[in-house]
Every structure is written in C-alpha cells, then in structure tokens.
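query-v9.txt (compact mmCIF, C-alpha atoms) appears below.
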```
# COMPACT_ATOMS: atom_id res chain seq x y z
CA MET A 107 54.41 -174.33 -116.46
CA ASN A 108 50.69 -175.05 -116.79
CA GLY A 109 48.34 -172.10 -116.94
CA LEU A 110 50.90 -169.43 -117.89
CA PRO A 111 49.26 -166.48 -119.59
CA VAL A 112 50.04 -166.49 -123.30
CA SER A 113 50.00 -162.97 -124.66
CA TRP A 114 48.48 -163.32 -128.10
CA GLY A 115 47.54 -159.79 -129.10
CA ALA A 116 43.87 -159.04 -128.50
CA PRO A 117 42.09 -158.04 -131.70
CA ARG A 118 41.05 -154.41 -131.96
CA PRO A 119 37.34 -154.03 -131.14
CA GLU A 120 35.28 -153.37 -134.27
CA ARG A 121 31.75 -152.11 -134.73
CA ALA A 122 29.30 -154.81 -135.76
CA ASP A 123 28.88 -153.58 -139.34
CA ALA A 124 32.63 -153.09 -139.74
CA ALA A 125 33.24 -156.63 -138.49
CA ARG A 126 30.58 -157.97 -140.88
CA ASN A 127 32.15 -156.16 -143.85
CA ARG A 128 35.58 -157.41 -142.86
CA ALA A 129 34.37 -161.02 -142.63
CA GLN A 130 32.66 -160.74 -146.01
CA LEU A 131 35.76 -159.21 -147.61
CA LEU A 132 38.02 -161.90 -146.19
CA ALA A 133 35.69 -164.65 -147.41
CA THR A 134 35.72 -163.11 -150.89
CA ALA A 135 39.51 -162.71 -150.77
CA ARG A 136 39.97 -166.38 -149.79
CA GLN A 137 37.79 -167.39 -152.70
CA MET A 138 39.71 -165.18 -155.16
CA LEU A 139 42.99 -166.57 -153.87
CA THR A 140 41.86 -170.15 -154.45
CA GLU A 141 40.50 -169.39 -157.90
CA SER A 142 43.25 -167.30 -159.41
CA GLY A 143 46.23 -166.94 -157.06
CA PRO A 144 47.69 -163.97 -155.18
CA ASP A 145 48.65 -161.84 -158.19
CA GLN A 146 45.01 -161.22 -159.06
CA LEU A 147 44.03 -160.27 -155.52
CA THR A 148 44.23 -156.47 -155.56
CA MET A 149 42.30 -153.72 -153.73
CA ASP A 150 40.32 -152.87 -156.88
CA ALA A 151 39.50 -156.48 -157.77
CA LEU A 152 38.36 -157.22 -154.21
CA ALA A 153 36.14 -154.11 -154.17
CA GLU A 154 34.53 -155.10 -157.44
CA ARG A 155 34.05 -158.77 -156.59
CA SER A 156 32.66 -158.12 -153.11
CA GLY A 157 30.37 -155.30 -154.25
CA LEU A 158 31.38 -153.31 -151.15
CA GLY A 159 33.22 -150.46 -152.84
CA LYS A 160 36.82 -149.25 -152.76
CA GLY A 161 36.28 -147.02 -149.73
CA THR A 162 35.24 -149.96 -147.58
CA VAL A 163 38.16 -152.12 -148.73
CA PHE A 164 40.55 -149.25 -147.99
CA ARG A 165 39.07 -148.62 -144.51
CA ARG A 166 39.21 -152.30 -143.54
CA PHE A 167 42.71 -153.11 -144.88
CA GLY A 168 44.52 -149.88 -145.77
CA THR A 169 46.80 -151.50 -148.34
CA ARG A 170 46.91 -154.57 -150.54
CA ALA A 171 49.35 -156.14 -148.09
CA GLY A 172 46.72 -155.49 -145.40
CA ILE A 173 44.33 -157.88 -147.18
CA PHE A 174 46.96 -160.64 -147.03
CA GLN A 175 47.69 -159.77 -143.39
CA GLY A 176 43.98 -160.23 -142.68
CA LEU A 177 44.03 -163.66 -144.35
CA LEU A 178 47.17 -164.56 -142.43
CA ASP A 179 45.62 -163.56 -139.08
CA GLU A 180 42.74 -165.92 -139.81
CA VAL A 181 44.89 -168.97 -140.53
CA GLU A 182 47.20 -168.11 -137.64
CA ARG A 183 44.35 -168.69 -135.21
CA GLY A 184 44.65 -172.44 -135.68
CA LEU A 185 48.27 -172.32 -134.53
CA GLN A 186 47.36 -170.03 -131.65
CA GLU A 187 44.75 -172.49 -130.41
CA GLN A 188 47.26 -175.32 -130.34
CA VAL A 189 49.67 -173.12 -128.37
CA LEU A 190 47.02 -171.98 -125.90
CA SER A 191 45.22 -175.22 -125.24
CA GLY A 192 46.73 -178.03 -127.29
CA PRO A 193 48.79 -180.89 -125.87
CA PRO A 194 52.38 -180.28 -124.66
CA PRO A 195 55.09 -179.58 -125.64
CA LEU A 196 53.49 -177.07 -128.04
CA GLY A 197 50.68 -176.36 -125.59
CA PRO A 198 51.04 -175.67 -121.85
CA GLY A 199 52.57 -178.23 -119.52
CA ALA A 200 56.15 -178.70 -120.81
CA PRO A 201 59.39 -176.91 -119.78
CA PRO A 202 59.82 -173.57 -121.62
CA VAL A 203 62.81 -174.71 -123.72
CA ASP A 204 60.84 -177.72 -124.97
CA ARG A 205 57.87 -175.48 -125.71
CA LEU A 206 60.12 -173.07 -127.64
CA VAL A 207 61.57 -175.89 -129.74
CA ALA A 208 58.08 -177.28 -130.43
CA TYR A 209 56.77 -173.81 -131.24
CA GLY A 210 59.51 -173.18 -133.80
CA ARG A 211 58.93 -176.51 -135.51
CA ALA A 212 55.18 -175.87 -135.65
CA ARG A 213 55.74 -172.30 -136.89
CA VAL A 214 58.06 -173.46 -139.69
CA ARG A 215 55.47 -176.02 -140.81
CA TRP A 216 52.69 -173.43 -140.62
CA LEU A 217 54.71 -170.79 -142.44
CA MET A 218 55.60 -173.22 -145.20
CA GLU A 219 51.91 -173.96 -145.71
CA ASN A 220 51.19 -170.22 -145.89
CA THR A 221 54.40 -168.81 -147.38
CA GLU A 222 52.66 -167.14 -150.28
CA ILE A 223 50.11 -165.30 -148.12
CA ALA A 224 52.80 -164.37 -145.60
CA ARG A 225 55.10 -162.95 -148.27
CA PHE A 226 52.34 -160.87 -149.82
CA ALA A 227 51.50 -159.58 -146.34
CA LEU A 228 55.00 -158.04 -146.16
CA ASP A 229 54.90 -154.32 -146.77
CA GLY A 230 57.99 -152.22 -146.27
CA ARG A 231 55.87 -149.09 -146.27
CA GLN A 232 54.03 -150.20 -143.14
CA PRO A 233 55.84 -149.64 -139.85
CA VAL A 234 55.39 -153.19 -138.55
CA PRO A 235 53.44 -156.18 -139.85
CA GLY A 236 49.79 -156.09 -138.89
CA GLY A 237 49.89 -152.52 -137.63
CA SER A 238 51.47 -151.31 -134.42
CA GLN A 239 50.91 -154.44 -132.34
CA THR A 240 53.76 -156.72 -131.38
CA PRO A 241 53.33 -159.91 -133.43
CA ALA A 242 51.73 -162.74 -131.48
CA SER A 243 54.65 -165.03 -132.32
CA GLN A 244 57.16 -162.63 -130.80
CA MET A 245 55.07 -162.24 -127.63
CA HIS A 246 54.85 -165.99 -127.18
CA ILE A 247 58.61 -166.43 -127.64
CA ARG A 248 59.28 -163.59 -125.17
CA MET A 249 56.93 -165.15 -122.61
CA LEU A 250 58.77 -168.47 -122.86
CA LEU A 251 62.22 -166.81 -122.62
CA ARG A 252 61.13 -164.98 -119.46
CA HIS A 253 60.60 -168.33 -117.80
CA MET A 254 64.16 -169.46 -118.48
CA ASP A 255 67.35 -168.67 -116.62
CA LEU A 256 69.30 -166.70 -119.23
CA GLY A 257 71.73 -164.74 -117.07
CA GLY A 258 71.97 -161.10 -118.04
CA LEU A 259 70.54 -161.50 -121.57
CA ASN A 260 68.20 -158.80 -122.87
CA VAL A 261 65.17 -161.04 -123.26
CA ASP A 262 63.09 -158.45 -125.13
CA VAL A 263 65.67 -158.05 -127.89
CA LEU A 264 66.43 -161.79 -127.93
CA ALA A 265 62.72 -162.41 -128.55
CA ILE A 266 62.85 -160.13 -131.60
CA GLN A 267 66.03 -161.80 -132.86
CA LEU A 268 64.61 -165.30 -132.48
CA THR A 269 61.30 -164.32 -134.11
CA ALA A 270 63.30 -162.99 -137.06
CA ALA A 271 65.52 -166.11 -137.13
CA LEU A 272 62.34 -168.20 -137.27
CA ASP A 273 60.29 -166.21 -139.81
CA GLY A 274 63.11 -164.57 -141.74
CA PRO A 275 64.43 -167.52 -143.73
CA LEU A 276 61.02 -168.20 -145.29
CA LEU A 277 59.97 -164.55 -145.62
CA LEU A 278 63.22 -162.89 -146.58
CA TYR A 279 65.75 -165.34 -147.93
CA LEU A 280 64.31 -168.54 -149.36
CA SER A 281 62.77 -168.26 -152.78
CA THR A 282 59.38 -169.79 -153.51
CA ASP A 283 61.05 -171.89 -156.20
CA ALA A 284 63.51 -173.36 -153.70
CA LEU A 285 60.60 -174.27 -151.43
CA ALA A 286 58.58 -175.83 -154.22
CA ASN A 287 61.54 -177.95 -155.29
CA ALA A 288 62.59 -179.19 -151.85
CA GLY A 289 59.63 -178.73 -149.52
CA PRO A 290 59.90 -181.48 -146.89
CA GLN A 291 63.70 -181.26 -146.79
CA VAL A 292 63.59 -177.51 -146.17
CA GLU A 293 61.04 -177.96 -143.40
CA GLN A 294 63.16 -180.62 -141.74
CA ASN A 295 66.37 -178.57 -142.06
CA LEU A 296 64.81 -175.39 -140.72
CA GLY A 297 63.14 -177.28 -137.85
CA ALA A 298 66.35 -179.05 -136.85
CA ALA A 299 68.37 -175.84 -137.17
CA TRP A 300 65.83 -174.02 -134.98
CA GLN A 301 66.25 -176.69 -132.29
CA ASP A 302 70.06 -176.38 -132.51
CA LEU A 303 69.83 -172.61 -132.24
CA VAL A 304 67.47 -172.66 -129.26
CA GLU A 305 69.52 -175.28 -127.44
CA ARG A 306 72.73 -173.26 -127.90
CA VAL A 307 71.17 -169.92 -127.01
CA CYS A 308 69.12 -171.12 -124.04
CA ARG A 309 71.54 -173.45 -122.27
CA PRO A 310 72.47 -171.94 -118.91
CA MET P 15 92.59 -165.46 -141.10
CA ASN P 16 94.15 -162.88 -143.41
CA GLY P 17 93.43 -163.19 -147.11
CA LEU P 18 90.31 -165.36 -146.82
CA PRO P 19 88.11 -165.00 -149.88
CA VAL P 20 84.98 -163.04 -149.05
CA SER P 21 82.11 -164.05 -151.29
CA TRP P 22 80.28 -160.83 -151.97
CA GLY P 23 78.03 -161.64 -154.91
CA ALA P 24 79.55 -160.49 -158.20
CA PRO P 25 77.30 -158.02 -160.01
CA ARG P 26 75.64 -159.30 -163.16
CA PRO P 27 77.47 -158.06 -166.28
CA GLU P 28 75.53 -155.31 -168.05
CA ARG P 29 75.89 -153.85 -171.52
CA ALA P 30 77.44 -150.39 -171.55
CA ASP P 31 74.25 -148.52 -172.45
CA ALA P 32 72.24 -150.52 -169.92
CA ALA P 33 74.80 -149.72 -167.24
CA ARG P 34 74.72 -146.03 -168.21
CA ASN P 35 70.91 -145.92 -168.03
CA ARG P 36 70.99 -147.68 -164.69
CA ALA P 37 73.52 -145.22 -163.28
CA GLN P 38 71.49 -142.27 -164.54
CA LEU P 39 68.27 -143.70 -163.10
CA LEU P 40 69.90 -144.34 -159.71
CA ALA P 41 71.31 -140.81 -159.61
CA THR P 42 67.86 -139.41 -160.38
CA ALA P 43 66.26 -141.71 -157.78
CA ARG P 44 68.74 -140.58 -155.11
CA GLN P 45 67.92 -136.97 -155.92
CA MET P 46 64.16 -137.59 -155.76
CA LEU P 47 64.59 -139.40 -152.44
CA THR P 48 66.47 -136.46 -150.94
CA GLU P 49 63.99 -133.92 -152.26
CA SER P 50 60.68 -135.54 -151.43
CA GLY P 51 61.11 -138.83 -149.56
CA PRO P 52 60.41 -142.45 -150.50
CA ASP P 53 56.63 -142.15 -150.96
CA GLN P 54 57.06 -140.03 -154.08
CA LEU P 55 59.63 -142.33 -155.66
CA THR P 56 57.51 -144.48 -157.99
CA MET P 57 58.22 -146.16 -161.35
CA ASP P 58 56.16 -143.54 -163.20
CA ALA P 59 57.71 -140.56 -161.41
CA LEU P 60 61.23 -141.87 -162.02
CA ALA P 61 60.50 -142.44 -165.72
CA GLU P 62 59.17 -138.92 -166.10
CA ARG P 63 61.91 -137.22 -164.12
CA SER P 64 64.76 -139.09 -165.81
CA GLY P 65 63.31 -138.69 -169.32
CA LEU P 66 64.21 -142.33 -170.04
CA GLY P 67 60.73 -143.76 -170.40
CA LYS P 68 58.74 -146.36 -168.48
CA GLY P 69 60.08 -149.29 -170.51
CA THR P 70 63.66 -148.53 -169.50
CA VAL P 71 62.77 -148.13 -165.83
CA PHE P 72 60.91 -151.44 -165.94
CA ARG P 73 63.78 -153.29 -167.67
CA ARG P 74 66.38 -151.95 -165.22
CA PHE P 75 64.44 -152.48 -161.98
CA GLY P 76 61.37 -154.63 -162.64
CA THR P 77 59.38 -153.25 -159.71
CA ARG P 78 59.28 -150.19 -157.51
CA ALA P 79 61.01 -152.22 -154.78
CA GLY P 80 63.73 -152.94 -157.35
CA ILE P 81 64.56 -149.21 -157.50
CA PHE P 82 65.11 -149.18 -153.74
CA GLN P 83 67.12 -152.41 -153.96
CA GLY P 84 69.35 -150.66 -156.51
CA LEU P 85 69.85 -147.72 -154.15
CA LEU P 86 70.56 -150.13 -151.30
CA ASP P 87 73.18 -152.04 -153.33
CA GLU P 88 74.99 -148.77 -153.93
CA VAL P 89 75.20 -147.74 -150.28
CA GLU P 90 76.04 -151.33 -149.27
CA ARG P 91 79.30 -151.08 -151.19
CA GLY P 92 80.79 -148.87 -148.50
CA LEU P 93 80.19 -151.58 -145.91
CA GLN P 94 81.55 -154.25 -148.26
CA GLU P 95 84.79 -152.32 -148.73
CA GLN P 96 85.33 -152.12 -144.97
CA VAL P 97 84.74 -155.88 -144.70
CA LEU P 98 87.05 -156.72 -147.61
CA SER P 99 89.94 -154.42 -146.90
CA GLY P 100 89.28 -152.33 -143.81
CA PRO P 101 91.05 -152.76 -140.47
CA PRO P 102 90.24 -155.76 -138.23
CA PRO P 103 88.07 -156.94 -136.56
CA LEU P 104 85.56 -155.92 -139.28
CA GLY P 105 88.16 -156.43 -142.00
CA PRO P 106 90.48 -159.43 -142.41
CA GLY P 107 92.99 -160.34 -139.71
CA ALA P 108 90.86 -161.12 -136.63
CA PRO P 109 89.46 -164.48 -135.41
CA PRO P 110 86.14 -165.35 -137.14
CA VAL P 111 83.98 -164.93 -134.00
CA ASP P 112 85.37 -161.43 -133.47
CA ARG P 113 84.79 -160.61 -137.13
CA LEU P 114 81.20 -161.87 -136.87
CA VAL P 115 80.52 -159.71 -133.82
CA ALA P 116 82.07 -156.68 -135.51
CA TYR P 117 80.16 -157.35 -138.70
CA GLY P 118 76.82 -157.48 -136.88
CA ARG P 119 77.49 -154.23 -135.06
CA ALA P 120 78.51 -152.52 -138.31
CA ARG P 121 75.50 -153.97 -140.12
CA VAL P 122 73.08 -152.73 -137.43
CA ARG P 123 74.56 -149.24 -137.67
CA TRP P 124 74.45 -149.32 -141.46
CA LEU P 125 70.90 -150.66 -141.54
CA MET P 126 69.72 -147.98 -139.12
CA GLU P 127 71.17 -145.32 -141.41
CA ASN P 128 69.36 -146.88 -144.36
CA THR P 129 66.23 -148.37 -142.77
CA GLU P 130 63.85 -146.48 -145.00
CA ILE P 131 65.50 -147.56 -148.25
CA ALA P 132 65.88 -151.13 -146.98
CA ARG P 133 62.20 -151.38 -145.99
CA PHE P 134 61.01 -150.06 -149.34
CA ALA P 135 63.30 -152.60 -151.03
CA LEU P 136 61.27 -155.40 -149.40
CA ASP P 137 58.90 -156.99 -151.86
CA GLY P 138 56.96 -160.07 -150.91
CA ARG P 139 56.15 -160.69 -154.57
CA GLN P 140 59.82 -161.16 -155.42
CA PRO P 141 61.34 -164.56 -154.57
CA VAL P 142 64.32 -163.17 -152.65
CA PRO P 143 65.65 -159.66 -152.09
CA GLY P 144 67.74 -158.40 -154.96
CA GLY P 145 66.79 -161.22 -157.30
CA SER P 146 67.98 -164.80 -157.12
CA GLN P 147 71.43 -164.19 -155.65
CA THR P 148 72.24 -165.06 -152.06
CA PRO P 149 72.54 -161.74 -150.21
CA ALA P 150 76.15 -160.63 -149.69
CA SER P 151 75.56 -160.36 -145.96
CA GLN P 152 74.49 -163.99 -145.71
CA MET P 153 77.49 -165.15 -147.74
CA HIS P 154 79.89 -163.27 -145.48
CA ILE P 155 78.29 -164.72 -142.34
CA ARG P 156 78.44 -168.24 -143.81
CA MET P 157 82.10 -167.81 -144.75
CA LEU P 158 82.94 -166.79 -141.17
CA LEU P 159 80.90 -169.66 -139.67
CA ARG P 160 82.76 -172.15 -141.88
CA HIS P 161 86.00 -171.12 -140.20
CA MET P 162 84.67 -171.91 -136.72
CA ASP P 163 84.43 -175.25 -134.93
CA LEU P 164 80.65 -175.63 -134.59
CA GLY P 165 80.32 -179.39 -134.15
CA GLY P 166 77.57 -180.89 -136.28
CA LEU P 167 75.67 -177.64 -136.88
CA ASN P 168 74.19 -177.05 -140.33
CA VAL P 169 76.24 -173.97 -141.15
CA ASP P 170 74.28 -173.09 -144.30
CA VAL P 171 70.98 -172.87 -142.43
CA LEU P 172 72.61 -171.20 -139.42
CA ALA P 173 73.90 -168.49 -141.77
CA ILE P 174 70.35 -167.84 -142.98
CA GLN P 175 69.02 -167.76 -139.41
CA LEU P 176 71.70 -165.35 -138.23
CA THR P 177 71.24 -163.09 -141.27
CA ALA P 178 67.54 -162.95 -140.44
CA ALA P 179 68.25 -162.36 -136.73
CA LEU P 180 70.48 -159.46 -137.77
CA ASP P 181 68.32 -157.81 -140.45
CA GLY P 182 64.89 -158.93 -139.27
CA PRO P 183 64.42 -156.70 -136.23
CA LEU P 184 64.92 -153.53 -138.28
CA LEU P 185 63.17 -154.77 -141.40
CA LEU P 186 60.29 -156.75 -139.96
CA TYR P 187 59.59 -155.86 -136.37
CA LEU P 188 60.76 -152.41 -135.28
CA SER P 189 58.61 -149.53 -136.41
CA THR P 190 60.18 -146.45 -137.94
CA ASP P 191 58.61 -144.42 -135.13
CA ALA P 192 60.33 -146.53 -132.48
CA LEU P 193 63.66 -145.98 -134.26
CA ALA P 194 63.14 -142.23 -134.60
CA ASN P 195 62.31 -141.92 -130.91
CA ALA P 196 65.16 -144.02 -129.54
CA GLY P 197 67.82 -144.29 -132.23
CA PRO P 198 71.14 -144.60 -130.43
CA GLN P 199 69.62 -146.77 -127.69
CA VAL P 200 68.16 -149.18 -130.23
CA GLU P 201 71.48 -149.41 -132.04
CA GLN P 202 73.32 -150.14 -128.80
CA ASN P 203 70.74 -152.73 -127.69
CA LEU P 204 70.69 -154.54 -131.02
CA GLY P 205 74.49 -154.50 -131.24
CA ALA P 206 74.92 -155.86 -127.72
CA ALA P 207 72.21 -158.48 -128.25
CA TRP P 208 73.91 -159.56 -131.48
CA GLN P 209 77.17 -160.06 -129.61
CA ASP P 210 75.36 -162.09 -126.90
CA LEU P 211 73.68 -164.23 -129.55
CA VAL P 212 76.89 -164.91 -131.48
CA GLU P 213 78.85 -165.73 -128.33
CA ARG P 214 76.18 -168.20 -127.19
CA VAL P 215 75.72 -169.81 -130.59
CA CYS P 216 79.40 -169.99 -131.54
CA ARG P 217 81.07 -171.09 -128.32
CA PRO P 218 82.38 -174.64 -128.73
```

Can you turn what I pasted into structure tokens?
Amino acid sequence: MNGLPVSWGAPRPERADAARNRAQLLATARQMLTESGPDQLTMDALAERSGLGKGTVFRRFGTRAGIFQGLLDEVERGLQEQVLSGPPPLGPGAPPVDRLVAYGRARVRWLMENTEIARFALDGRQPVPGGSQTPASQMHIRMLLRHMDLGGLNVDVLAIQLTAALDGPLLLYLSTDALANAGPQVEQNLGAAWQDLVERVCRP
Amino acid sequence: MNGLPVSWGAPRPERADAARNRAQLLATARQMLTESGPDQLTMDALAERSGLGKGTVFRRFGTRAGIFQGLLDEVERGLQEQVLSGPPPLGPGAPPVDRLVAYGRARVRWLMENTEIARFALDGRQPVPGGSQTPASQMHIRMLLRHMDLGGLNVDVLAIQLTAALDGPLLLYLSTDALANAGPQVEQNLGAAWQDLVERVCRP
C-alpha cells in the first residue's frame, strides 16, 4: 500500500499580498485565542487588533466561523503530515483497514485537542465546512475504502457516513463539559468504538 | 417488541405565560421563514415582528440558533409520533434491526425536508444541540441497539456514532446546492447506505 496518492485538498492559490494578510490575521487570531478564549474572537475584534480593517478580514474569512476554520486548517496540517509521510499504520505501508483504524484514533485525539476551535468553525449558514471542497478527512477515508473489498457498497456515501461517525460525536453530540470532566476516558471509548465500527463495516 | 418504552426526551416544564410567549414567537418565526427565508430570521427581527421585546426572545431561545432549534423540535414531533405509535417497521411491532433501518430512512427523508432549519439550528458555541438533553434521535437508536445481540460492543457510543452517521452527511458534509440539484437521488443513496451500514454493524 506504499506510495498511494492521498487526496488532501490542495489549498486555493492566493495572491502574495492576500496570503501575507491571511497569515498575519491567523497569527493575530491565535494570539487572541490564547489570551482571552474563543468568545472574544470576533470579526470586529480581529480587524481592530490586526490593524488590517474589516474589509480585509471579511475578504479573507467571510464569516466568524471562517476565522476558526482557518485556524483549524493550520493545526490540521500536523495530522496530514503524519498521514502522508509518518510511520505506519497511520502513514503509508500498512493494510487499508489498519490505516483506517489508526486514522480514526489519531483523528479523535486531534479533535479532542482542538474541539473548541472545531466547534466554532461550524456554521450552519455555510454550505459545507471550509467552503465547497470535500474535507481532507473524508477524502482520506474514501481513498482507504477504495482499496478494500467491500462488495457492492457505495464507497462514496460510506466515506461520508464514516467521516460523520468520526467527527460527529465531538462536534455535534458531546458537550464541552462532558469532555472536560472525562477527557481520557472519552478518547479511549471513542477510539475503541471507532475500531469496532470499522472492523464490523469493513469485514468482507 | 411491541410496547417498548421509547425515550423521547420529555420537554422541560414551562410556566403558562412562558409557554404562551414561546408558542407565539414560534408561530411568528414560522411565518417569517415562509415569507423571507432563514437569513432574515434574526433575534432582533423576531422581537420586532412579534412585539414581545428582545428580552423575551433571548429568555425563550438564548441564541439565534435556538430559534431554529425550536422550529425543528416542532416539526420533529410528527416523526416522533410515527415512531411511537405509527405502523411497523417504523413504529412498534417489528424486530429492532428492521425498525432501525426504517428509522434511518424516515430520518433522512425528514432531514432533507428540513435541512435548512436543521443547519441554522447548528451552533458550535452551544454545548450540544437543543441544550443539555440527549437528542431524541440518539435515544431511540440506543433503545433499539439495546434490544439487539451485539456482543461486547459499547452500545452507548455506537448510538452516538450512528446518530452522527445518519445526521452528519446532511448537516456537515452535503452542500445545500448538491441537495437542490439531486434531491431524490441523494435521499435514495443515503437511505440505501444507511441500510447497508446498519446491516453490517448489527449482524451477529
């Protein structure tokens, strides 16, 4: 399975000044987040703190959730690198089922570390998270499923279902309080349940 | 399986005047939604249109997403009634796996009819949708799973995963454009994929 292409979505090309503004805004946003938490990180506050103006913030992120999506994309790169070129089973070189199990466990851990940013990146008014691109996580899961023998299953829809089964508990159904009170246990339960789910769904 | 208790979350008791205000606000919100779509339905606009004041709107719904959650709870009651006392396999009287398949297909159809309201009810700043209660859908799925023989599976976490696999595609990953362009096909694909998923996960 070594050397399979992993379809992480390519970032949209940006003009140099746009990219520079975006990097500056994200750096400022990270700093504001550390200092005073997500509630204070609004479009207006970011414009004022960065000195770049509301128009620029709006063009770079569109909505407040877009700022958090930008922060999330940044921290997601660390996970992407492990998937692309880290050691197996998360990285290339292991059977696809093992990679899928390892990916889910790594994703749960990553999402727990970034739950707050990920939840603020949710925006029901936007068509899909992060714009119109298929999320990188979903593309990776679909790529792995395509290399399994799953009979007549609709692999495209299964990839969406499994992405939702992986992200959904932390984004949609588990409260931040529940996570704060039982962190490691939740991570272990979700990781083990992901492995059970994958093994049941993907057995021939 | 007839007569099993179905744990739809009991609504919080409300004082009579609070309940009356809430009903009036929801009726106004429904009207505004029909007339001018979800973008125009804000806390301020609802306060002005209903003549009940911003304080009342805030106390009844908390956030803008809370208004949409209120609307969603109302339309969800129709689905709940079918589950509680409609004909099998959605209602009582069929084996739990068949009920779970039927429930998912009905939920996909229902969610497609109400995607816009459901997406606007999403609010990453709130701990869980609709407050701190476990969603009715998740409780129903868990109740059905508890009546199956699933070996050592963690049924509580599996219920969360399956709820997310059911709601997630429409809430998190499928754009409104994609739904508008291929409605019936999407419904059929998601329904069939739900059945495949349940049959793989729940077979002994």

What is the atom CA of Ser151 of chain P-atom CA of Tyr279 of chain A distance in Å, reported with one decimal? 11.2 Å

Separation of atom CA of Arg211 of chain A from atom CA of Val261 of chain A in Å: 20.7 Å

Pairwise distance for atom CA of Arg170 of chain A and atom CA of Ile223 of chain A, rounded to one decimal in Å: 11.5 Å

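Using all atoms listed in the file, the protein and nucleic acid residues lying at most 9 Å from the point (62.5, -165.7, -132.3) are Gly210, Ser243, Gln244, Ile247, Arg248, Leu264, Ala265, Ile266, Gln267, Leu268, Thr269, Ala270, Ala271, Leu272 and Asp273 of chain A; Ala179 of chain P.
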
Nearest residue to chain P out of A:Gln291, A:Asn260, A:Gln301, A:Thr148, using all atoms listed in the file? A:Asn260
